[in-house]
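A quick write-up on the structure given underneath.
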Amino acid sequence: MVTVNLGMLHYVLDHIYGAFMHRTKMSTPFFSRGWGGTKLEMLERMLKQLFPEVAGQNWPPTLIEPVWRTVWETKNARLREGIFRTPCEEQLLGALPPESHTARVAFLMPKSVPPNRMACVVHLAGTGDHTFERRLRLGGPLMKENIATMVLESPFYGHRRPVLQRGAKLLCVSDLLLLGRATIEEARSLLHWLDTEADFGKMGVCGLSMGGVHAAMVGSLHPTPVATLPFLSPHSAVVAFCEGILKHGTAWEALREDLAAQKVAMTLEDVRERMRNVLSLTDVTRFPIPKNPNAVIFVAATDDGYIPKHSVLELQKAWPGSEVRWVTGGHVSSFILHNDEFRRAIKDGLDRLPWKESH
């Protein structure tokens, strides 16, 4: 009986946190400025092209040239920060806010062995993760396993946040798709840089929550095998905004009014259906199976108020050979309490990849 009650407690904690974050008048809702107009139409067209009829038609990542500065260095490790111009094509660049054009990364690396005998994992941001610190704390202890950590600051977040945006509350639905598409491009380019320029022996990509959805997409679309580690992640943004707690933090009325201004009369249920259609473009089960599905490990929580179990199981079903590991708790408590499980999954996923041939 205790476990049932404890599970309920974790689930309720998610809802209390969700109510505080997303239902109070203190916080701005998501998408208060509506759908995003022509930007949304352009992104819908572009994202539909991401689903190649033949799996394996992956376009090559763009080579980037980060400019680095050393933050600190000891005899065992070094932390650097780098900036580079986002590798997005011109059409996407025009849609991105100017603040997001320059990408920022933190790069934490042990000095014990050469890069070709070391792995590096790119950590992508979850909703509201504006800084490097939390992900550096997750990656730091992995240095003793010869695993380096690269942390990407998301477009629309941190130094890249548009001036009118409050916190993580994206102004338009198009911003969510833009954030995702730009993050995928940047992460693939970072993996390519780690492979060809820094000569790492193995690569991986991980992320929590929204970052996990993006990690799954990157793992799917990258042309070479990488360990793919989505933590507390749904199979699609539909789950977060139409089923989970975030539906209470979405400006449904503003979205309806935006459609009404375009002479489209809709009920709130119609608006939710339109949202489901748009966000179905983020459904990872429609993406190609990663090159090495055995190196895909999902870590999910048993009592997650944000992400129902069926969502995680759909991903596993779509990618045969992948593994799901369950931790006891809700979304918020697992985020805080289960970092060791996330680290174990990172190590195990990388162990399932062969070392790259030395050039």
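Ordering of the structure tokens sets the chain letters (A, B, ...), residue numbers begin anew at 1 in every chain, and ligands are numbered from 1 in the order given.
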Would you mind listing, for every residue of range 266-350 of chain A within 10 Å of range 249-261 of chain A, the two atoms forming the shortest contact and the distance between them in Å to one decimal, using only C-alpha atoms, sorted by chain and ascending residue number, as CSV?
residue,atom,partner,partner_atom,distance
A:Met266,CA,A:Arg256,CA,6.6
A:Thr267,CA,A:Arg256,CA,7.5
A:Leu268,CA,A:Arg256,CA,6.7
A:Glu269,CA,A:Trp252,CA,9.5
A:Asp270,CA,A:Arg256,CA,8.7
A:Val271,CA,A:Arg256,CA,6.1
A:Arg272,CA,A:Trp252,CA,7.7
A:Arg274,CA,A:Leu255,CA,9.9
A:Met275,CA,A:Leu255,CA,9.3
Could you save those same residues with C-alpha atoms as a JSON list (two decimals), in the first residue's frame?
[["chain", "number", "residue", "atom", "x", "y", "z"],
["A", 266, "MET", "CA", -13.65, 27.68, -33.81],
["A", 267, "THR", "CA", -14.66, 26.20, -30.49],
["A", 268, "LEU", "CA", -11.92, 25.60, -27.92],
["A", 269, "GLU", "CA", -12.10, 21.89, -28.77],
["A", 270, "ASP", "CA", -11.43, 22.77, -32.45],
["A", 271, "VAL", "CA", -8.45, 24.86, -31.33],
["A", 272, "ARG", "CA", -7.07, 21.91, -29.37],
["A", 274, "ARG", "CA", -5.60, 22.23, -34.55],
["A", 275, "MET", "CA", -2.84, 22.18, -31.92]]
Members of range 61-290 of chain A assigned strand (DSSP E or B) by DSSP, as a CSV table (one decimal) with all heavy atoms, in the first residue's frame:
chain,number,residue,atom,x,y,z
A,67,VAL,N,34.1,29.3,-31.5
A,67,VAL,CA,35.2,30.1,-30.9
A,67,VAL,C,35.2,29.9,-29.4
A,67,VAL,O,34.2,30.1,-28.8
A,67,VAL,CB,35.1,31.6,-31.2
A,67,VAL,CG1,36.2,32.4,-30.6
A,67,VAL,CG2,35.0,31.8,-32.8
A,68,TRP,N,36.4,29.4,-28.9
A,68,TRP,CA,36.4,28.9,-27.5
A,68,TRP,C,37.1,29.9,-26.6
A,68,TRP,O,38.0,30.6,-27.0
A,68,TRP,CB,37.1,27.6,-27.4
A,68,TRP,CG,36.4,26.5,-28.2
A,68,TRP,CD1,36.8,26.0,-29.4
A,68,TRP,CD2,35.2,25.8,-27.8
A,68,TRP,NE1,35.9,25.0,-29.8
A,68,TRP,CE2,34.9,24.9,-28.8
A,68,TRP,CE3,34.4,25.8,-26.7
A,68,TRP,CZ2,33.8,24.0,-28.8
A,68,TRP,CZ3,33.3,25.0,-26.6
A,68,TRP,CH2,33.0,24.1,-27.7
A,69,ARG,N,36.7,29.9,-25.3
A,69,ARG,CA,37.5,30.6,-24.2
A,69,ARG,C,37.4,29.6,-23.0
A,69,ARG,O,36.4,28.9,-22.8
A,69,ARG,CB,36.9,31.9,-23.9
A,69,ARG,CG,35.6,31.9,-23.2
A,69,ARG,CD,35.1,33.3,-22.7
A,69,ARG,NE,33.8,33.2,-22.0
A,69,ARG,CZ,33.8,33.0,-20.7
A,69,ARG,NH1,34.8,33.0,-19.9
A,69,ARG,NH2,32.6,33.0,-20.1
A,70,THR,N,38.5,29.6,-22.3
A,70,THR,CA,38.6,28.7,-21.1
A,70,THR,C,38.0,29.4,-19.9
A,70,THR,O,38.4,30.6,-19.6
A,70,THR,CB,40.1,28.3,-20.9
A,70,THR,OG1,40.6,27.7,-22.0
A,70,THR,CG2,40.2,27.4,-19.7
A,71,VAL,N,37.1,28.7,-19.2
A,71,VAL,CA,36.4,29.3,-18.0
A,71,VAL,C,37.3,28.9,-16.8
A,71,VAL,O,37.6,29.8,-16.0
A,71,VAL,CB,35.0,28.7,-17.9
A,71,VAL,CG1,34.4,29.3,-16.6
A,71,VAL,CG2,34.2,29.1,-19.1
A,72,TRP,N,37.7,27.6,-16.7
A,72,TRP,CA,38.7,27.2,-15.7
A,72,TRP,C,39.4,26.0,-16.1
A,72,TRP,O,38.9,25.3,-17.0
A,72,TRP,CB,38.0,27.0,-14.3
A,72,TRP,CG,36.9,26.1,-14.2
A,72,TRP,CD1,35.5,26.4,-14.1
A,72,TRP,CD2,36.9,24.6,-14.3
A,72,TRP,NE1,34.7,25.3,-14.0
A,72,TRP,CE2,35.5,24.2,-14.1
A,72,TRP,CE3,37.9,23.7,-14.4
A,72,TRP,CZ2,35.2,22.8,-14.1
A,72,TRP,CZ3,37.5,22.3,-14.4
A,72,TRP,CH2,36.2,21.9,-14.2
A,73,GLU,N,40.5,25.7,-15.5
A,73,GLU,CA,41.3,24.5,-15.9
A,73,GLU,C,42.0,24.0,-14.6
A,73,GLU,O,42.5,24.8,-13.8
A,73,GLU,CB,42.3,24.9,-16.9
A,73,GLU,CG,43.0,23.7,-17.5
A,73,GLU,CD,43.7,24.0,-18.9
A,73,GLU,OE1,43.6,25.2,-19.4
A,73,GLU,OE2,44.2,23.1,-19.5
A,77,ALA,N,41.0,18.4,-15.5
A,77,ALA,CA,39.8,18.8,-16.3
A,77,ALA,C,39.9,20.2,-16.8
A,77,ALA,O,40.6,21.0,-16.3
A,77,ALA,CB,38.5,18.6,-15.5
A,78,ARG,N,39.0,20.5,-17.8
A,78,ARG,CA,39.0,21.9,-18.3
A,78,ARG,C,37.5,22.2,-18.7
A,78,ARG,O,36.8,21.3,-19.3
A,78,ARG,CB,39.9,22.0,-19.5
A,78,ARG,CG,39.9,23.4,-20.1
A,78,ARG,CD,40.9,23.6,-21.2
A,78,ARG,NE,40.7,22.6,-22.3
A,78,ARG,CZ,41.6,22.2,-23.1
A,78,ARG,NH1,42.8,22.5,-23.0
A,78,ARG,NH2,41.2,21.4,-24.1
A,79,LEU,N,37.0,23.4,-18.4
A,79,LEU,CA,35.7,23.8,-18.8
A,79,LEU,C,35.9,25.0,-19.8
A,79,LEU,O,36.6,26.0,-19.4
A,79,LEU,CB,34.8,24.3,-17.6
A,79,LEU,CG,33.5,24.9,-18.0
A,79,LEU,CD1,32.6,23.8,-18.7
A,79,LEU,CD2,32.8,25.5,-16.8
A,80,ARG,N,35.4,24.8,-21.0
A,80,ARG,CA,35.4,25.9,-22.0
A,80,ARG,C,34.0,26.3,-22.4
A,80,ARG,O,33.1,25.5,-22.3
A,80,ARG,CB,36.2,25.5,-23.2
A,80,ARG,CG,37.7,25.3,-23.0
A,80,ARG,CD,38.4,25.1,-24.3
A,80,ARG,NE,38.1,23.8,-24.9
A,80,ARG,CZ,38.5,23.5,-26.2
A,80,ARG,NH1,39.1,24.4,-26.9
A,80,ARG,NH2,38.2,22.3,-26.7
A,81,GLU,N,33.8,27.5,-22.8
A,81,GLU,CA,32.6,28.0,-23.4
A,81,GLU,C,32.9,28.4,-24.8
A,81,GLU,O,33.9,29.0,-25.1
A,81,GLU,CB,32.0,29.2,-22.6
A,81,GLU,CG,31.3,28.7,-21.3
A,81,GLU,CD,30.5,29.8,-20.6
A,81,GLU,OE1,30.3,30.9,-21.2
A,81,GLU,OE2,30.2,29.6,-19.4
A,82,GLY,N,31.9,28.1,-25.7
A,82,GLY,CA,32.1,28.4,-27.1
A,82,GLY,C,30.9,29.1,-27.7
A,82,GLY,O,29.8,28.9,-27.2
A,83,ILE,N,31.1,29.8,-28.7
A,83,ILE,CA,30.0,30.4,-29.5
A,83,ILE,C,30.2,30.1,-31.0
A,83,ILE,O,31.3,29.9,-31.4
A,83,ILE,CB,29.9,32.0,-29.3
A,83,ILE,CG1,31.2,32.7,-29.7
A,83,ILE,CG2,29.5,32.3,-27.9
A,83,ILE,CD1,31.1,34.2,-29.8
A,84,PHE,N,29.1,29.9,-31.7
A,84,PHE,CA,29.1,29.7,-33.1
A,84,PHE,C,27.8,30.2,-33.7
A,84,PHE,O,26.8,30.3,-33.0
A,84,PHE,CB,29.4,28.3,-33.5
A,84,PHE,CG,28.3,27.3,-33.0
A,84,PHE,CD1,27.3,26.9,-33.8
A,84,PHE,CD2,28.4,26.7,-31.7
A,84,PHE,CE1,26.3,26.0,-33.3
A,84,PHE,CE2,27.5,25.8,-31.2
A,84,PHE,CZ,26.4,25.4,-32.0
A,85,ARG,N,27.8,30.6,-35.0
A,85,ARG,CA,26.6,31.0,-35.7
A,85,ARG,C,25.8,29.8,-35.9
A,85,ARG,O,26.3,28.7,-36.3
A,85,ARG,CB,27.0,31.6,-37.0
A,85,ARG,CG,25.8,32.2,-37.8
A,85,ARG,CD,26.4,32.8,-39.1
A,85,ARG,NE,25.4,32.9,-40.1
A,85,ARG,CZ,24.5,33.9,-40.2
A,85,ARG,NH1,24.5,34.8,-39.3
A,85,ARG,NH2,23.6,33.9,-41.2
A,102,THR,N,23.2,33.4,-32.5
A,102,THR,CA,24.5,32.9,-32.0
A,102,THR,C,24.2,31.9,-31.0
A,102,THR,O,23.5,32.1,-30.0
A,102,THR,CB,25.3,34.1,-31.4
A,102,THR,OG1,25.6,35.0,-32.4
A,102,THR,CG2,26.6,33.6,-30.9
A,103,ALA,N,24.8,30.7,-31.2
A,103,ALA,CA,24.6,29.5,-30.3
A,103,ALA,C,25.7,29.6,-29.3
A,103,ALA,O,26.9,30.0,-29.6
A,103,ALA,CB,24.6,28.2,-31.1
A,104,ARG,N,25.4,29.1,-28.1
A,104,ARG,CA,26.4,29.0,-27.0
A,104,ARG,C,26.5,27.6,-26.4
A,104,ARG,O,25.4,26.9,-26.3
A,104,ARG,CB,26.0,30.0,-25.8
A,104,ARG,CG,26.2,31.4,-26.1
A,104,ARG,CD,25.7,32.3,-25.0
A,104,ARG,NE,26.6,32.2,-23.8
A,104,ARG,CZ,26.3,31.7,-22.6
A,104,ARG,NH1,25.1,31.3,-22.4
A,104,ARG,NH2,27.1,31.7,-21.6
A,105,VAL,N,27.7,27.1,-26.2
A,105,VAL,CA,27.9,25.8,-25.6
A,105,VAL,C,28.9,25.9,-24.4
A,105,VAL,O,29.8,26.7,-24.5
A,105,VAL,CB,28.4,24.8,-26.6
A,105,VAL,CG1,27.3,24.3,-27.5
A,105,VAL,CG2,29.6,25.2,-27.4
A,106,ALA,N,28.7,25.0,-23.5
A,106,ALA,CA,29.8,24.7,-22.4
A,106,ALA,C,30.3,23.3,-22.7
A,106,ALA,O,29.6,22.4,-23.1
A,106,ALA,CB,29.2,24.8,-21.1
A,107,PHE,N,31.6,23.2,-22.5
A,107,PHE,CA,32.3,22.0,-22.9
A,107,PHE,C,33.2,21.6,-21.8
A,107,PHE,O,34.3,22.2,-21.5
A,107,PHE,CB,33.1,22.2,-24.2
A,107,PHE,CG,33.7,21.1,-24.9
A,107,PHE,CD1,33.3,19.8,-24.6
A,107,PHE,CD2,34.7,21.2,-25.8
A,107,PHE,CE1,33.9,18.7,-25.2
A,107,PHE,CE2,35.3,20.2,-26.5
A,107,PHE,CZ,34.9,18.9,-26.2
A,108,LEU,N,32.8,20.5,-21.0
A,108,LEU,CA,33.6,20.0,-19.9
A,108,LEU,C,34.3,18.7,-20.2
A,108,LEU,O,33.6,17.7,-20.6
A,108,LEU,CB,32.6,19.8,-18.7
A,108,LEU,CG,33.2,19.3,-17.4
A,108,LEU,CD1,34.1,20.3,-16.8
A,108,LEU,CD2,32.0,19.0,-16.4
A,109,MET,N,35.6,18.7,-20.1
A,109,MET,CA,36.4,17.6,-20.6
A,109,MET,C,37.5,17.2,-19.7
A,109,MET,O,38.2,18.0,-19.2
A,109,MET,CB,37.0,18.1,-22.0
A,109,MET,CG,37.7,17.1,-22.8
A,109,MET,SD,38.1,17.8,-24.3
A,109,MET,CE,39.4,16.6,-24.9
A,110,PRO,N,37.5,15.8,-19.4
A,110,PRO,CA,38.7,15.4,-18.6
A,110,PRO,C,40.0,15.4,-19.4
A,110,PRO,O,39.9,15.4,-20.7
A,110,PRO,CB,38.3,13.9,-18.3
A,110,PRO,CG,37.3,13.5,-19.3
A,110,PRO,CD,36.6,14.8,-19.8
A,119,ALA,N,34.6,9.5,-24.8
A,119,ALA,CA,33.3,9.7,-25.3
A,119,ALA,C,32.8,11.2,-25.0
A,119,ALA,O,33.3,11.7,-24.0
A,119,ALA,CB,32.2,8.7,-24.8
A,120,CYS,N,31.9,11.7,-25.8
A,120,CYS,CA,31.3,13.0,-25.4
A,120,CYS,C,29.8,13.0,-25.7
A,120,CYS,O,29.4,12.5,-26.7
A,120,CYS,CB,32.0,14.2,-26.2
A,120,CYS,SG,31.4,15.8,-25.6
A,121,VAL,N,29.1,13.5,-24.7
A,121,VAL,CA,27.6,13.5,-24.8
A,121,VAL,C,27.1,15.0,-24.9
A,121,VAL,O,27.6,15.8,-24.1
A,121,VAL,CB,26.9,12.8,-23.7
A,121,VAL,CG1,25.4,12.9,-23.7
A,121,VAL,CG2,27.4,11.3,-23.6
A,122,VAL,N,26.3,15.3,-25.9
A,122,VAL,CA,25.7,16.6,-26.0
A,122,VAL,C,24.4,16.6,-25.2
A,122,VAL,O,23.5,15.7,-25.4
A,122,VAL,CB,25.4,16.9,-27.5
A,122,VAL,CG1,24.6,18.3,-27.6
A,122,VAL,CG2,26.7,17.0,-28.3
A,123,HIS,N,24.3,17.5,-24.2
A,123,HIS,CA,23.1,17.6,-23.3
A,123,HIS,C,22.2,18.7,-23.8
A,123,HIS,O,22.6,19.9,-23.9
A,123,HIS,CB,23.6,17.9,-21.9
A,123,HIS,CG,24.3,16.8,-21.2
A,123,HIS,ND1,23.9,16.2,-20.0
A,123,HIS,CD2,25.5,16.2,-21.6
A,123,HIS,CE1,24.8,15.3,-19.7
A,123,HIS,NE2,25.7,15.2,-20.6
A,124,LEU,N,21.0,18.4,-24.1
A,124,LEU,CA,20.0,19.4,-24.6
A,124,LEU,C,19.1,19.8,-23.5
A,124,LEU,O,18.8,19.1,-22.5
A,124,LEU,CB,19.2,18.8,-25.8
A,124,LEU,CG,20.1,18.3,-27.0
A,124,LEU,CD1,19.2,17.7,-28.1
A,124,LEU,CD2,21.0,19.4,-27.5
A,147,ILE,N,34.1,10.4,-19.9
A,147,ILE,CA,33.0,10.9,-20.7
A,147,ILE,C,32.9,12.4,-20.5
A,147,ILE,O,32.7,12.9,-19.4
A,147,ILE,CB,31.6,10.2,-20.3
A,147,ILE,CG1,31.7,8.7,-20.5
A,147,ILE,CG2,30.5,10.9,-21.1
A,147,ILE,CD1,30.5,8.0,-19.9
A,148,ALA,N,33.1,13.1,-21.6
A,148,ALA,CA,33.0,14.6,-21.6
A,148,ALA,C,31.6,15.0,-21.8
A,148,ALA,O,30.7,14.2,-22.3
A,148,ALA,CB,33.9,15.1,-22.7
A,149,THR,N,31.3,16.3,-21.4
A,149,THR,CA,29.9,16.8,-21.5
A,149,THR,C,29.9,18.1,-22.3
A,149,THR,O,30.7,19.0,-22.1
A,149,THR,CB,29.4,17.1,-20.1
A,149,THR,OG1,29.3,15.9,-19.4
A,149,THR,CG2,28.1,17.9,-20.1
A,150,MET,N,29.0,18.2,-23.3
A,150,MET,CA,28.8,19.4,-24.0
A,150,MET,C,27.4,19.8,-23.8
A,150,MET,O,26.5,19.1,-24.1
A,150,MET,CB,29.1,19.2,-25.5
A,150,MET,CG,29.1,20.5,-26.3
A,150,MET,SD,29.7,20.2,-28.0
A,150,MET,CE,31.4,20.7,-27.9
A,151,VAL,N,27.2,21.1,-23.3
A,151,VAL,CA,25.9,21.6,-23.0
A,151,VAL,C,25.5,22.7,-24.0
A,151,VAL,O,26.2,23.7,-24.1
A,151,VAL,CB,25.8,22.1,-21.6
A,151,VAL,CG1,24.4,22.6,-21.2
A,151,VAL,CG2,26.2,21.0,-20.6
A,152,LEU,N,24.4,22.5,-24.7
A,152,LEU,CA,23.9,23.5,-25.7
A,152,LEU,C,22.8,24.4,-25.0
A,152,LEU,O,21.9,23.9,-24.5
A,152,LEU,CB,23.4,22.8,-26.9
A,152,LEU,CG,22.7,23.7,-28.0
A,152,LEU,CD1,23.7,24.7,-28.6
A,152,LEU,CD2,22.0,22.9,-29.0
A,166,ARG,N,8.8,36.1,-21.7
A,166,ARG,CA,8.9,36.0,-20.3
A,166,ARG,C,9.4,34.6,-19.9
A,166,ARG,O,8.6,33.6,-20.2
A,166,ARG,CB,7.6,36.3,-19.6
A,166,ARG,CG,7.0,37.6,-19.8
A,166,ARG,CD,7.7,38.7,-18.9
A,166,ARG,NE,7.6,38.4,-17.5
A,166,ARG,CZ,6.5,38.7,-16.8
A,166,ARG,NH1,5.5,39.3,-17.3
A,166,ARG,NH2,6.5,38.5,-15.5
A,169,LYS,N,8.2,30.9,-21.5
A,169,LYS,CA,6.9,30.9,-22.1
A,169,LYS,C,7.0,31.5,-23.5
A,169,LYS,O,6.9,32.7,-23.7
A,169,LYS,CB,5.9,31.7,-21.2
A,169,LYS,CG,5.8,31.2,-19.8
A,169,LYS,CD,5.2,29.8,-19.7
A,169,LYS,CE,5.2,29.2,-18.3
A,169,LYS,NZ,4.3,29.8,-17.4
A,202,LYS,N,33.6,8.2,-29.4
A,202,LYS,CA,32.2,7.9,-29.3
A,202,LYS,C,31.4,9.1,-29.0
A,202,LYS,O,32.0,10.0,-28.3
A,202,LYS,CB,31.9,6.9,-28.2
A,202,LYS,CG,32.5,5.5,-28.4
A,202,LYS,CD,32.0,4.6,-27.2
A,202,LYS,CE,32.7,3.3,-27.2
A,202,LYS,NZ,32.1,2.4,-26.2
A,203,MET,N,30.2,9.2,-29.5
A,203,MET,CA,29.4,10.4,-29.2
A,203,MET,C,28.0,9.9,-28.7
A,203,MET,O,27.5,8.8,-29.1
A,203,MET,CB,29.2,11.2,-30.5
A,203,MET,CG,30.3,12.2,-30.7
A,203,MET,SD,31.7,11.5,-31.4
A,203,MET,CE,31.1,10.8,-32.9
A,204,GLY,N,27.3,10.8,-28.0
A,204,GLY,CA,26.0,10.5,-27.6
A,204,GLY,C,25.2,11.9,-27.5
A,204,GLY,O,25.8,12.9,-27.5
A,205,VAL,N,23.9,11.7,-27.3
A,205,VAL,CA,23.0,12.9,-27.1
A,205,VAL,C,22.0,12.6,-26.1
A,205,VAL,O,21.4,11.5,-26.1
A,205,VAL,CB,22.4,13.4,-28.5
A,205,VAL,CG1,21.5,12.3,-29.1
A,205,VAL,CG2,21.6,14.7,-28.3
A,206,CYS,N,21.7,13.5,-25.1
A,206,CYS,CA,20.7,13.2,-24.1
A,206,CYS,C,20.0,14.5,-23.8
A,206,CYS,O,20.4,15.6,-24.2
A,206,CYS,CB,21.4,12.7,-22.8
A,206,CYS,SG,22.2,13.9,-21.9
A,207,GLY,N,18.9,14.3,-23.1
A,207,GLY,CA,18.1,15.5,-22.7
A,207,GLY,C,17.0,15.1,-21.8
A,207,GLY,O,16.5,13.9,-21.8
A,208,LEU,N,16.5,16.0,-21.0
A,208,LEU,CA,15.4,15.8,-20.1
A,208,LEU,C,14.1,16.4,-20.6
A,208,LEU,O,14.2,17.6,-21.1
A,208,LEU,CB,15.7,16.4,-18.7
A,208,LEU,CG,16.5,15.6,-17.7
A,208,LEU,CD1,17.2,16.5,-16.7
A,208,LEU,CD2,15.5,14.6,-17.0
A,227,ALA,N,24.9,7.2,-29.2
A,227,ALA,CA,24.0,6.8,-28.1
A,227,ALA,C,22.9,7.9,-27.9
A,227,ALA,O,23.2,9.1,-27.9
A,227,ALA,CB,24.9,6.7,-26.8
A,228,THR,N,21.7,7.4,-27.8
A,228,THR,CA,20.6,8.3,-27.7
A,228,THR,C,19.8,8.1,-26.4
A,228,THR,O,19.3,7.0,-26.2
A,228,THR,CB,19.6,8.1,-29.0
A,228,THR,OG1,20.4,8.3,-30.1
A,228,THR,CG2,18.5,9.1,-29.0
A,229,LEU,N,19.7,9.1,-25.6
A,229,LEU,CA,19.3,9.0,-24.2
A,229,LEU,C,18.2,10.0,-23.8
A,229,LEU,O,18.5,11.0,-23.2
A,229,LEU,CB,20.5,9.1,-23.3
A,229,LEU,CG,21.6,8.1,-23.8
A,229,LEU,CD1,23.0,8.7,-23.5
A,229,LEU,CD2,21.5,6.8,-23.2
A,230,PRO,N,16.9,9.7,-24.1
A,230,PRO,CA,15.9,10.6,-23.7
A,230,PRO,C,15.4,10.3,-22.3
A,230,PRO,O,15.1,9.2,-22.0
A,230,PRO,CB,14.8,10.4,-24.8
A,230,PRO,CG,15.4,9.5,-25.8
A,230,PRO,CD,16.5,8.7,-25.1
A,231,PHE,N,15.4,11.3,-21.4
A,231,PHE,CA,15.0,11.1,-20.0
A,231,PHE,C,13.7,11.9,-19.8
A,231,PHE,O,13.5,13.0,-20.1
A,231,PHE,CB,16.1,11.7,-19.1
A,231,PHE,CG,17.5,11.1,-19.3
A,231,PHE,CD1,18.6,11.9,-19.2
A,231,PHE,CD2,17.6,9.8,-19.7
A,231,PHE,CE1,19.9,11.3,-19.4
A,231,PHE,CE2,18.9,9.2,-19.9
A,231,PHE,CZ,20.0,10.0,-19.7
A,250,THR,N,-1.5,26.9,-21.2
A,250,THR,CA,-1.5,27.3,-22.6
A,250,THR,C,-2.6,28.3,-22.8
A,250,THR,O,-3.7,28.1,-22.3
A,250,THR,CB,-1.7,26.0,-23.5
A,250,THR,OG1,-0.6,25.1,-23.3
A,250,THR,CG2,-1.8,26.4,-25.0
Inset, instruction - Check range 117-355 of chain A with DSSP on the backbone and list each residue it calls helix (DSSP H, G or I), as a ChimeraX atom specification. - result: /A:117,133-145,158-160,173-196,210-221,237-243,245-249,252-261,268-282,284-286,293-295,309-318,331-337,339-351
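Between Asp348 in chain A and the residues A:Leu190, A:Leu232, A:Leu47, A:Ala295, the shortest atom-to-atom distance, using only C-alpha atoms, involves A:Ala295.
If only C-alpha atoms are the atoms counted, then among A:Val163, A:Leu178, A:Ala318, A:Leu136 the closest residue to Glu89 in chain A is A:Leu178.
Proximity to Met42 in chain A at 12 Å, evaluated using only C-alpha atoms and with sequence-adjacent residues fewer than 5 positions away removed, yields Gly36, Gly37, Leu47, Lys48, Gln49, Gln91, Leu92, Gly94, Ala95, Ser174, Asp175, Leu177, Leu178 and Val278 of chain A.
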Legend entry - Who sits within 9 Å of Leu315 in chain A, only C-alpha atoms, same chain under 4 positions skipped, as a ChimeraX atom specification: /A:234-235,284-285,298,310-311,319-320,322
Inset, instruction - Skip Trp193 in chain A itself and residues of its chain fewer than 4 positions away, then list as an MDAnalysis selection string all residues within 9 Å of it, counting only C-alpha atoms. - result: chainID A and resid 63:65 188:189 197:199
